[in-house]
>>> print(open('data01.txt').read())   # compact mmCIF, C-alpha atoms
# COMPACT_ATOMS: atom_id res chain seq x y z
CA MET A 1 135.35 71.26 69.14
CA GLU A 2 134.16 74.63 70.30
CA LEU A 3 132.88 74.51 73.82
CA SER A 4 131.85 78.01 74.68
CA PRO A 5 131.22 78.45 78.38
CA GLU A 6 131.05 82.19 77.85
CA ASN A 7 128.23 81.79 75.42
CA PRO A 8 126.08 78.96 76.69
CA LEU A 9 123.33 77.84 74.36
CA PRO A 10 119.76 78.50 75.47
CA ALA A 11 117.89 75.47 76.78
CA GLU A 12 115.62 75.52 73.76
CA PRO A 13 115.71 77.12 70.35
CA GLU A 14 114.44 80.66 70.56
CA ILE A 15 112.07 82.20 68.07
CA GLU A 16 112.20 85.90 67.40
CA THR A 17 109.73 87.79 65.27
CA SER A 18 107.53 90.88 65.38
CA HIS A 19 104.93 89.18 63.24
CA VAL A 20 103.81 86.07 65.04
CA GLU A 21 100.36 85.86 63.43
CA GLU A 22 101.66 86.20 59.90
CA PHE A 23 104.21 83.47 60.28
CA VAL A 24 101.75 81.19 62.03
CA GLU A 25 99.43 81.62 59.07
CA GLN A 26 102.11 80.86 56.50
CA LEU A 27 103.57 77.93 58.38
CA ARG A 28 100.12 76.49 58.82
CA CYS A 29 99.74 76.53 55.06
CA VAL A 30 102.82 74.42 54.82
CA THR A 31 101.92 71.78 57.35
CA ASP A 32 98.15 72.06 57.33
CA SER A 33 97.10 71.17 53.81
CA LEU A 34 97.76 67.51 53.94
CA PRO A 35 95.90 64.84 52.07
CA SER A 36 92.91 63.49 53.93
CA ARG A 37 92.71 59.82 54.55
CA ILE A 38 91.60 57.83 51.56
CA ASN A 39 87.86 57.74 51.81
CA ILE A 40 86.31 54.39 51.09
CA ASP A 41 82.61 54.97 50.98
CA ALA A 42 80.96 51.85 52.36
CA HIS A 43 77.64 52.73 50.73
CA SER A 44 78.83 52.58 47.19
CA VAL A 45 80.94 49.48 47.03
CA GLU A 46 81.04 49.49 43.25
CA GLN A 47 82.64 52.89 43.15
CA GLY A 48 84.71 52.11 46.22
CA LEU A 49 87.57 50.35 44.55
CA ALA A 50 87.77 52.75 41.63
CA LYS A 51 87.82 55.65 44.05
CA LEU A 52 90.62 54.08 46.05
CA VAL A 53 92.76 53.35 43.04
CA LEU A 54 92.14 56.70 41.40
CA THR A 55 92.80 58.54 44.63
CA LEU A 56 96.17 56.88 44.95
CA ILE A 57 97.09 57.58 41.35
CA GLU A 58 95.89 61.14 41.61
CA PHE A 59 97.97 61.60 44.75
CA ILE A 60 101.06 60.33 43.00
CA ARG A 61 100.30 62.32 39.90
CA ARG A 62 100.16 65.58 41.82
CA LEU A 63 103.32 64.69 43.68
CA LEU A 64 105.09 64.05 40.40
CA GLU A 65 103.79 67.27 38.95
CA LYS A 66 105.08 69.25 41.89
CA GLN A 67 108.44 67.56 41.76
CA ALA A 68 108.69 68.09 38.02
CA VAL A 69 108.12 71.79 38.49
CA ARG A 70 110.76 71.89 41.22
CA ARG A 71 113.27 70.12 39.00
CA MET A 72 112.47 72.58 36.26
CA GLU A 73 113.04 75.43 38.71
CA GLY A 74 116.24 73.84 39.92
CA GLY A 75 117.72 74.42 36.50
CA ASP A 76 119.32 71.04 36.00
CA LEU A 77 117.04 69.85 33.20
CA SER A 78 117.64 70.46 29.54
CA PRO A 79 114.84 72.03 27.42
CA GLU A 80 114.32 68.64 25.80
CA GLN A 81 113.93 66.93 29.14
CA ILE A 82 111.49 69.59 30.30
CA GLU A 83 109.43 69.07 27.17
CA GLU A 84 109.43 65.27 27.61
CA LEU A 85 108.48 65.59 31.25
CA GLY A 86 105.73 68.08 30.48
CA LEU A 87 104.25 65.94 27.74
CA ALA A 88 104.29 62.80 29.89
CA LEU A 89 102.55 64.60 32.75
CA MET A 90 100.08 66.21 30.40
CA ARG A 91 99.09 62.79 29.12
CA LEU A 92 98.86 61.46 32.65
CA GLU A 93 96.56 64.30 33.66
CA ALA A 94 94.38 63.74 30.61
CA LYS A 95 94.22 60.00 31.26
CA LEU A 96 93.25 60.50 34.88
CA HIS A 97 90.55 62.93 33.81
CA GLU A 98 89.22 60.34 31.37
CA LEU A 99 89.15 57.68 34.07
CA LYS A 100 87.43 59.96 36.54
CA THR A 101 84.75 60.72 33.97
CA GLN A 102 84.32 57.04 33.15
CA PHE A 103 83.61 56.28 36.77
CA GLY A 104 81.51 59.36 37.28
CA LEU A 105 83.90 60.76 39.86
CA LYS A 106 84.88 64.34 40.43
CA ASP A 107 87.92 65.77 42.20
CA GLU A 108 85.88 66.26 45.36
CA ASP A 109 84.95 62.59 45.33
CA LEU A 110 88.58 61.64 45.49
CA ASN A 111 88.75 63.56 48.75
CA LEU A 112 92.13 65.05 48.14
CA ASP A 113 93.49 68.35 49.22
CA LEU A 114 97.14 68.26 48.46
CA GLY A 115 98.10 71.85 49.04
CA PRO A 116 101.78 72.60 49.32
CA ILE A 117 102.52 69.05 50.40
CA GLY A 118 105.46 69.10 48.03
CA ARG A 119 107.33 70.62 50.89
CA LEU A 120 107.22 67.36 52.78
CA ILE A 121 108.66 65.41 49.88
CA MET B 1 103.40 71.22 83.66
CA SER B 2 102.87 69.42 80.41
CA PHE B 3 102.86 71.23 77.12
CA GLU B 4 99.12 70.70 76.66
CA GLN B 5 98.28 72.38 79.94
CA ILE B 6 100.36 75.39 79.03
CA ILE B 7 98.40 75.85 75.83
CA VAL B 8 94.99 75.65 77.50
CA SER B 9 95.70 78.14 80.23
CA GLY B 10 97.48 80.73 78.10
CA ASN B 11 96.04 83.89 76.65
CA ALA B 12 95.63 84.50 72.92
CA GLU B 13 99.12 85.85 72.44
CA GLN B 14 100.79 83.03 74.33
CA LEU B 15 98.69 80.57 72.35
CA GLU B 16 99.96 81.92 69.08
CA GLU B 17 103.53 81.90 70.24
CA SER B 18 103.21 78.31 71.38
CA GLU B 19 101.71 77.38 68.07
CA LEU B 20 104.53 79.12 66.25
CA SER B 21 107.01 77.21 68.34
CA LEU B 22 105.26 73.94 67.55
CA LEU B 23 105.10 74.71 63.83
CA GLU B 24 108.78 75.59 63.76
CA THR B 25 109.64 72.37 65.56
CA LEU B 26 107.46 70.36 63.18
CA ASP B 27 109.17 72.06 60.29
CA HIS B 28 112.51 70.76 61.50
CA VAL B 29 111.81 67.26 62.71
CA LEU B 30 109.37 66.28 59.97
CA ASN B 31 110.93 67.94 56.96
CA SER B 32 114.60 67.39 57.57
CA GLY B 33 117.08 65.18 59.32
CA LEU B 34 118.83 61.96 58.41
CA VAL B 35 116.76 59.40 56.59
CA ILE B 36 117.63 55.75 56.73
CA ALA B 37 117.16 53.18 53.99
CA GLY B 38 113.72 52.24 52.73
CA GLU B 39 113.27 54.89 50.08
CA ILE B 40 111.69 54.42 46.71
CA THR B 41 112.24 56.39 43.56
CA ILE B 42 109.51 57.31 41.12
CA SER B 43 110.60 58.40 37.68
CA VAL B 44 108.80 60.03 34.79
CA ALA B 45 110.28 60.28 31.32
CA ASP B 46 113.48 58.80 32.70
CA ILE B 47 113.86 61.55 35.23
CA ASP B 48 113.95 60.69 38.93
CA LEU B 49 111.32 62.80 40.58
CA VAL B 50 110.23 61.47 43.91
CA PHE B 51 112.59 59.85 46.36
CA LEU B 52 111.25 59.28 49.81
CA GLY B 53 110.99 57.09 52.86
CA LEU B 54 107.46 56.07 52.29
CA ASN B 55 106.52 54.72 55.70
CA VAL B 56 107.87 57.75 57.46
CA LEU B 57 106.13 60.07 55.07
CA LEU B 58 102.75 58.44 55.40
CA SER B 59 102.78 58.57 59.13
CA SER B 60 104.06 62.13 59.08
CA VAL B 61 101.44 63.29 56.68
CA GLU B 62 98.50 61.60 58.30
CA ALA B 63 99.30 62.58 61.78
CA ALA B 64 100.81 66.03 61.49
CA GLN B 65 97.22 66.87 60.69
CA GLU B 66 96.16 65.28 63.95
CA VAL B 67 98.71 67.29 65.84
CA LEU B 68 97.28 70.51 64.54
CA GLN B 69 93.70 69.44 65.01
CA ARG B 70 94.43 68.52 68.58
CA ARG B 71 95.92 71.91 69.17
CA VAL B 72 92.66 73.47 68.04
CA THR B 73 90.48 71.31 70.31
CA ASP B 74 92.82 71.83 73.26
CA ALA B 75 92.38 75.56 72.88
CA LYS B 76 88.59 75.37 73.02
CA MET C 1 111.71 44.95 68.53
CA SER C 2 112.73 48.04 66.61
CA LEU C 3 114.97 50.89 67.43
CA TYR C 4 113.77 54.46 67.34
CA LEU C 5 116.61 56.73 66.28
CA TYR C 6 117.03 60.26 67.58
CA CYS C 7 120.49 61.27 66.40
CA LEU C 8 124.05 60.30 65.62
CA LEU C 9 126.79 61.58 67.92
CA ASP C 10 130.22 62.83 66.98
CA ASP C 11 133.51 61.34 68.21
CA ASP C 12 134.05 64.24 70.55
CA PHE C 13 131.07 63.31 72.67
CA ILE C 14 132.82 61.98 75.73
CA VAL C 15 130.41 59.36 76.95
CA GLU C 16 131.71 58.83 80.44
CA ASN C 17 132.05 62.48 81.36
CA VAL C 18 128.89 63.92 79.96
CA ILE C 19 125.56 63.52 81.67
CA PHE C 20 122.64 63.44 79.31
CA SER C 21 120.37 66.17 80.57
CA GLY C 22 117.47 65.51 78.27
CA PRO C 23 114.28 63.51 78.82
CA ARG C 24 114.99 60.11 80.31
CA GLU C 25 111.84 58.70 78.78
CA GLY C 26 111.53 58.89 75.05
CA ILE C 27 109.03 57.93 72.40
CA SER C 28 106.34 55.57 73.70
CA GLY C 29 107.74 55.69 77.18
CA SER C 30 110.88 53.76 76.41
CA LEU C 31 114.20 54.90 77.89
CA VAL C 32 116.53 57.03 75.85
CA THR C 33 119.78 55.16 75.67
CA LEU C 34 123.22 55.55 74.20
CA PHE C 35 123.90 52.88 71.62
CA ILE C 36 127.41 52.27 70.33
CA PRO C 37 127.57 49.84 67.43
CA GLU C 38 131.02 49.65 65.79
CA ASP C 39 132.36 53.13 65.13
CA PHE C 40 129.38 55.32 65.82
CA ALA C 41 127.34 56.43 68.80
CA LEU C 42 123.62 57.12 68.73
CA LEU C 43 120.78 58.09 70.98
CA VAL C 44 117.99 55.54 70.60
CA SER C 45 114.92 54.06 72.24
CA ASP C 46 113.49 50.60 71.98
CA PHE C 47 110.25 50.66 70.06
CA ALA C 48 107.56 48.04 69.71
CA GLY C 49 105.45 48.62 66.63
CA THR C 50 105.74 49.43 62.95
CA SER C 51 105.07 53.13 62.80
CA VAL C 52 105.46 56.07 65.09
CA PRO C 53 102.35 58.06 65.96
CA VAL C 54 103.02 61.65 65.02
CA THR C 55 101.57 63.29 68.08
CA ARG C 56 102.60 66.63 69.48
CA GLU C 57 104.02 64.84 72.49
CA ASN C 58 106.23 62.58 70.40
CA VAL C 59 107.38 65.34 68.11
CA LEU C 60 108.38 67.54 71.02
CA LEU C 61 110.07 64.62 72.75
CA HIS C 62 112.16 63.86 69.69
CA ALA C 63 113.13 67.51 69.44
CA ALA C 64 113.95 67.68 73.15
CA VAL C 65 116.18 64.61 73.11
CA VAL C 66 118.24 65.83 70.18
CA ASN C 67 118.35 69.34 71.55
CA ALA C 68 119.62 68.16 74.92
CA VAL C 69 123.04 67.22 73.55
CA LEU C 70 123.49 70.43 71.61
CA PRO C 71 125.28 72.32 74.42
CA GLU C 72 127.95 69.58 74.48
CA THR C 73 128.23 68.48 70.89
CA THR C 74 126.70 68.88 67.46
CA PRO C 75 124.69 65.76 66.58
CA LEU C 76 123.34 64.60 63.25
CA PRO C 77 119.61 64.46 63.93
CA PHE C 78 117.41 61.80 62.42
CA ARG C 79 114.12 62.74 60.88
CA PHE C 80 111.22 62.18 63.19
CA GLY C 81 109.81 58.68 63.01
CA THR C 82 112.97 56.83 61.98
CA LEU C 83 112.54 53.23 62.98
CA THR C 84 114.97 50.49 62.15
CA THR C 85 116.35 47.17 63.29
CA LYS C 86 119.86 46.68 64.69
CA ALA C 87 120.78 44.83 61.54
CA ALA C 88 119.48 47.53 59.20
CA LEU C 89 121.22 50.18 61.28
CA ASP C 90 124.54 48.33 61.16
CA SER C 91 124.26 48.01 57.42
CA PHE C 92 123.33 51.69 57.03
CA LEU C 93 126.28 52.81 59.15
CA ALA C 94 128.70 50.55 57.33
CA ALA C 95 127.53 51.65 53.89
CA ARG C 96 127.37 55.34 54.75
CA SER C 97 130.33 55.57 57.05
CA GLN C 98 132.31 57.89 54.83
CA ALA C 99 129.38 60.15 54.02
CA LEU C 100 128.45 60.42 57.69
CA ARG C 101 132.02 61.25 58.71
CA ALA C 102 132.03 63.95 56.06
CA LYS C 103 128.76 65.31 57.45
CA PHE C 104 130.24 65.50 60.92
CA GLU C 105 133.21 67.36 59.45
CA LEU C 106 130.77 69.84 58.00
CA VAL C 107 128.64 70.47 61.07
CA ARG C 108 131.24 70.08 63.82
CA GLY C 109 131.23 73.01 66.19
CA CYS C 110 128.18 74.55 64.58
CA VAL C 111 124.49 75.02 65.18
CA GLU C 112 121.63 75.70 62.80
CA MET C 113 119.99 79.10 62.72
CA ASN C 114 116.93 79.83 60.63
CA VAL C 115 115.51 82.87 58.90
CA LYS C 116 112.11 83.11 57.28
CA ILE C 117 111.04 86.17 55.35
CA ILE C 118 107.52 87.30 54.48
CA TRP C 119 106.76 90.08 52.06
CA ASN C 120 103.16 91.21 51.90
CA ARG C 121 102.81 92.52 48.42
CA GLU C 122 100.97 91.84 45.23
CA TRP C 123 102.76 90.18 42.41
CA ILE C 124 101.81 91.17 38.91
CA GLU C 125 101.73 88.29 36.50
CA GLU C 126 103.16 88.77 33.10
CA LYS C 127 101.87 87.03 30.03
CA SER C 128 104.41 84.89 28.38
CA ALA C 129 105.37 86.32 25.02
CA VAL C 130 107.52 83.38 24.08
CA GLU C 131 105.99 80.54 22.10
CA MET C 132 106.48 77.37 24.02
CA LYS C 133 106.22 73.73 23.09
CA PRO C 134 103.16 72.04 24.63
CA GLY C 135 104.95 70.02 27.33
CA THR C 136 106.97 73.02 28.43
CA ALA C 137 103.92 75.28 28.41
CA PHE C 138 102.10 72.75 30.58
CA LEU C 139 104.86 72.70 33.19
CA THR C 140 105.29 76.45 33.08
CA GLU C 141 101.63 76.98 33.85
CA LYS C 142 101.85 74.47 36.70
CA ARG C 143 104.81 76.36 37.99
CA ARG C 144 102.88 79.58 37.94
CA GLN C 145 100.09 77.90 39.88
CA ILE C 146 102.45 76.67 42.55
CA PHE C 147 105.01 79.39 42.86
CA GLY C 148 103.18 82.44 41.67
CA SER C 149 104.45 84.82 39.09
CA GLU C 150 107.88 85.01 37.57
CA ALA C 151 108.33 88.32 39.35
CA ARG C 152 107.90 86.66 42.70
CA VAL C 153 110.39 83.95 41.95
CA THR C 154 112.98 86.45 40.78
CA GLU C 155 112.51 88.69 43.79
CA ALA C 156 112.68 85.78 46.23
CA THR C 157 115.96 84.63 44.73
CA LYS C 158 117.34 88.16 44.92
CA ILE C 159 116.40 88.49 48.57
CA ALA C 160 117.94 85.13 49.36
CA ALA C 161 121.20 86.26 47.76
CA TRP C 162 121.07 89.60 49.55
CA LEU C 163 120.57 87.88 52.91
CA GLU C 164 123.46 85.53 52.26
CA GLU C 165 125.67 88.44 51.42
CA ARG C 166 124.72 90.34 54.57
CA LEU C 167 125.44 87.34 56.77
CA SER C 168 128.57 86.31 54.83
CA ASN C 169 131.42 85.37 57.17
CA SER C 170 129.22 84.43 60.06
CA ILE C 171 127.87 81.38 58.27
CA ARG C 172 129.63 78.21 57.19
CA GLU C 173 126.90 76.97 54.89
CA THR C 174 123.37 77.72 53.72
CA ARG C 175 120.31 75.85 52.62
CA VAL C 176 117.69 78.07 51.04
CA ASN C 177 114.18 77.51 49.79
CA THR C 178 112.49 80.29 47.86
CA ASN C 179 109.39 78.36 46.93
CA THR C 180 107.42 77.78 50.09
CA THR C 181 104.25 79.83 49.82
CA ASP C 182 103.29 82.95 47.97
CA LYS C 183 103.98 85.27 50.92
CA LEU C 184 106.79 83.29 52.52
CA LEU C 185 109.51 84.31 50.13
CA VAL C 186 112.55 82.85 51.74
CA THR C 187 113.17 79.98 54.12
CA ALA C 188 116.85 79.75 54.97
CA ALA C 189 118.87 77.45 57.19
CA HIS C 190 122.34 78.62 58.20
CA LEU C 191 125.18 76.60 59.64
CA VAL C 192 126.81 78.89 62.18
CA GLU C 193 129.89 78.26 64.32
CA ARG C 194 129.09 78.50 67.99
CA GLY C 195 131.53 81.34 68.47
CA SER C 196 129.92 83.26 65.61
CA ILE C 197 126.34 83.23 66.84
CA ASP C 198 126.55 86.76 68.21
CA GLU C 199 128.05 88.10 65.01
CA TYR C 200 125.36 86.28 63.03
CA ARG C 201 122.61 87.79 65.15
CA SER C 202 123.96 91.30 64.90
CA ARG C 203 124.40 91.03 61.13
CA LEU C 204 120.86 89.74 60.86
CA LYS C 205 119.53 92.64 62.92
CA ASN C 206 121.27 95.10 60.66
CA ALA C 207 119.90 93.41 57.60
CA GLN C 208 116.38 93.65 59.02
CA LEU C 209 116.81 97.38 59.53
CA GLU C 210 117.89 97.78 55.95
CA ARG C 211 114.65 96.40 54.59
CA PRO C 212 111.70 97.38 56.77
CA GLU C 213 109.19 96.18 54.20
CA LEU C 214 110.29 92.60 54.84
CA HIS C 215 108.99 90.69 57.85
CA PHE C 216 111.55 88.42 59.48
CA LEU C 217 111.37 85.39 61.70
CA ALA C 218 114.63 84.21 63.23
CA SER C 219 114.93 81.00 65.19
CA GLY C 220 117.66 78.92 66.72
CA PRO C 221 119.96 77.54 67.75
CA TRP C 222 118.79 74.19 66.44
CA PRO C 223 120.59 70.92 65.92
CA PRO C 224 121.52 70.81 62.20
CA TYR C 225 118.39 69.11 60.84
CA SER C 226 118.61 70.89 57.51
CA PHE C 227 122.22 69.88 56.93
CA ALA C 228 122.10 66.29 58.12
CA ASN C 229 120.66 64.32 55.30
CA ILE C 230 123.13 62.57 53.05
CA ASP C 231 120.65 61.23 50.53
CA LEU C 232 117.81 63.63 50.11
CA GLU C 233 119.89 66.59 49.11
CA PHE C 234 117.76 67.71 46.26
CA LYS C 235 118.19 71.10 44.78
CA THR C 236 114.48 70.80 44.27
CA GLN C 237 113.82 70.63 47.96
CA PHE C 238 116.11 73.36 49.00
CA GLY C 239 116.32 75.56 45.93
CA VAL C 240 119.63 77.30 45.66
CA SER C 241 122.21 75.76 47.93
>>> encode(input="data01.txt", output="structure tokens")
Amino acid sequence: MELSPENPLPAEPEIETSHVEEFVEQLRCVTDSLPSRINIDAHSVEQGLAKLVLTLIEFIRRLLEKQAVRRMEGGDLSPEQIEELGLALMRLEAKLHELKTQFGLKDEDLNLDLGPIGRLI
Amino acid sequence: MSFEQIIVSGNAEQLEESELSLLETLDHVLNSGLVIAGEITISVADIDLVFLGLNVLLSSVEAAQEVLQRRVTDAK
Amino acid sequence: MSLYLYCLLDDDFIVENVIFSGPREGISGSLVTLFIPEDFALLVSDFAGTSVPVTRENVLLHAAVVNAVLPETTPLPFRFGTLTTKAALDSFLAARSQALRAKFELVRGCVEMNVKIIWNREWIEEKSAVEMKPGTAFLTEKRRQIFGSEARVTEATKIAAWLEERLSNSIRETRVNTNTTDKLLVTAAHLVERGSIDEYRSRLKNAQLERPELHFLASGPWPPYSFANIDLEFKTQFGVS
């Protein structure tokens, strides 16, 4: 093991940049846009359960979409697999849209702001 | 001196540097590191897509937000 | 009663002779202790509860504990919030013993250094001339929404390769992500031998001078968070490895 008494490590990791603001802004994007808590509106009990369920599914759907894109980028999927994946996700998106409409819910109602959360997964 | 106190009494530039330091630290301890059992895998069209430690993720996601919100209120 | 895990320690960590200079009190006020089940050593705290509040205090504590051993040895850090029972830990260590030993082989004697690169420029989107099948077109459009134009992706990959080449011998291994945000082109983690830190820094400085249009952030040394995980090593998470 390399013990280097001539080159002691600093007590804490150091950060060096001439562009603090820029990096703060970009790193905030990464950690800031996180899904809000699932909002169960006590005043509309009927819609409450549908909202909860759809919010969860929507959350997972977006996660899957992001991961699918990353896998595609990663280059380890065949064209056939990409097509299968794309079609399955397309259908899922369409189905979710249908369900949202059925329950009279919009994206805003599901109280989701996923942002680049894919980074955490 | 606790970390919180340092933030409140700093000037704008120090504030930003502290925030940068916090964000960098968050980036490391929340996004990487060894993960122990308890993961689930979600597949679509037979392709494994999401593989994560769900309980860790949920607490990370929910509360990393709190960390940043707190930073904002501390600064006011 | 659960255990909160901070990090795994390598064989070379001489328990008796090294004084832990980090925080005595860890997450939720519990003492940071050395735990030696079977063939491994870990830094842990007792934890009562089912999930760890992700507060700034706790996050910084976790980081401080793991960082405190770095001058003496290179640990394998756990992700923040890792709770387990003694039994689950034993079973994890037994099952993963070989993989963990291999990880220690990889990171021994090294630290993690990070580079992030921002390029403030506009990316022109091209229209796709190729006819695509519906599923593929769907994913391609999603990709464009997330990662920006093809031009950006190509350029980010090029810059990542250029950076790697400039740093070459000073790094043992790299983990790169070129898909963070539109402006943040490259996020790279480098495994650097302790003796090579100066060379790494000077190479990095020279690289920065070469490309003044790029904005750099360099940080470190860190414990090897980005190289620790034995399961979640997705190309998808870290792009080109």
>>> interface_residues(input="data01.txt", of="chain C", to="chain A", cutoff="8 Å", atoms="only C-alpha atoms", output="PyMOL selection string")
chain C and resi 12+67-68+70-73+108-109+118+133-140+142-143+146+180-181+183-184+194-195+215-222+235-237+239-240
>>> closest_atom_pairs(input="data01.txt", of="chain C", to="chain B", cutoff="6 Å", atoms="all atoms listed in the file", output="tab-separated table")
residue	atom	partner	partner_atom	distance
C:Val54	CA	B:Ala63	CA	5.0
C:Thr55	CA	B:Val67	CA	5.4
C:Arg56	CA	B:Val67	CA	5.4
C:Pro77	CA	B:Gly33	CA	5.3
C:Phe78	CA	B:Leu34	CA	4.3
C:Arg79	CA	B:Gly33	CA	4.1
C:Phe80	CA	B:Val29	CA	5.1
C:Gly81	CA	B:Val56	CA	6.0
C:Tyr225	CA	B:Gly33	CA	4.4
C:Ser226	CA	B:Ser32	CA	5.3
C:Ala228	CA	B:Gly33	CA	5.3
C:Asn229	CA	B:Leu34	CA	4.3
>>> atom_distance(input="data01.txt", atom1="CA of Glu150 in chain C", atom2="CA of Met132 in chain C")
15.6 Å
>>> atom_distance(input="data01.txt", atom1="CA of Ala99 in chain C", atom2="CA of Ile230 in chain C")
6.8 Å
>>> residues_around(input="data01.txt", residues="Ala207 in chain C", least_positions_apart="2", cutoff="10 Å", atoms="all atoms listed in the file", output="short mmCIF file (atom, residue, chain, number, x, y, z; two decimals) with C-alpha atoms, in the frame of the given file")
data_model
loop_
_atom_site.label_atom_id
_atom_site.label_comp_id
_atom_site.auth_asym_id
_atom_site.auth_seq_id
_atom_site.Cartn_x
_atom_site.Cartn_y
_atom_site.Cartn_z
CA TRP C 162 121.07 89.60 49.55
CA LEU C 163 120.57 87.88 52.91
CA GLU C 165 125.67 88.44 51.42
CA ARG C 166 124.72 90.34 54.57
CA LEU C 167 125.44 87.34 56.77
CA ARG C 201 122.61 87.79 65.15
CA SER C 202 123.96 91.30 64.90
CA ARG C 203 124.40 91.03 61.13
CA LEU C 204 120.86 89.74 60.86
CA LYS C 205 119.53 92.64 62.92
CA LEU C 209 116.81 97.38 59.53
CA GLU C 210 117.89 97.78 55.95
CA ARG C 211 114.65 96.40 54.59
CA PRO C 212 111.70 97.38 56.77
CA PHE C 216 111.55 88.42 59.48
#
>>> atom_distance(input="data01.txt", atom1="CA of Leu105 in chain A", atom2="CA of Phe147 in chain C")
28.3 Å
>>> closest_residue(input="data01.txt", among="A:Leu96, A:Ala50, A:Leu64, A:Ile57", to="chain B", atoms="all atoms listed in the file")
A:Leu64
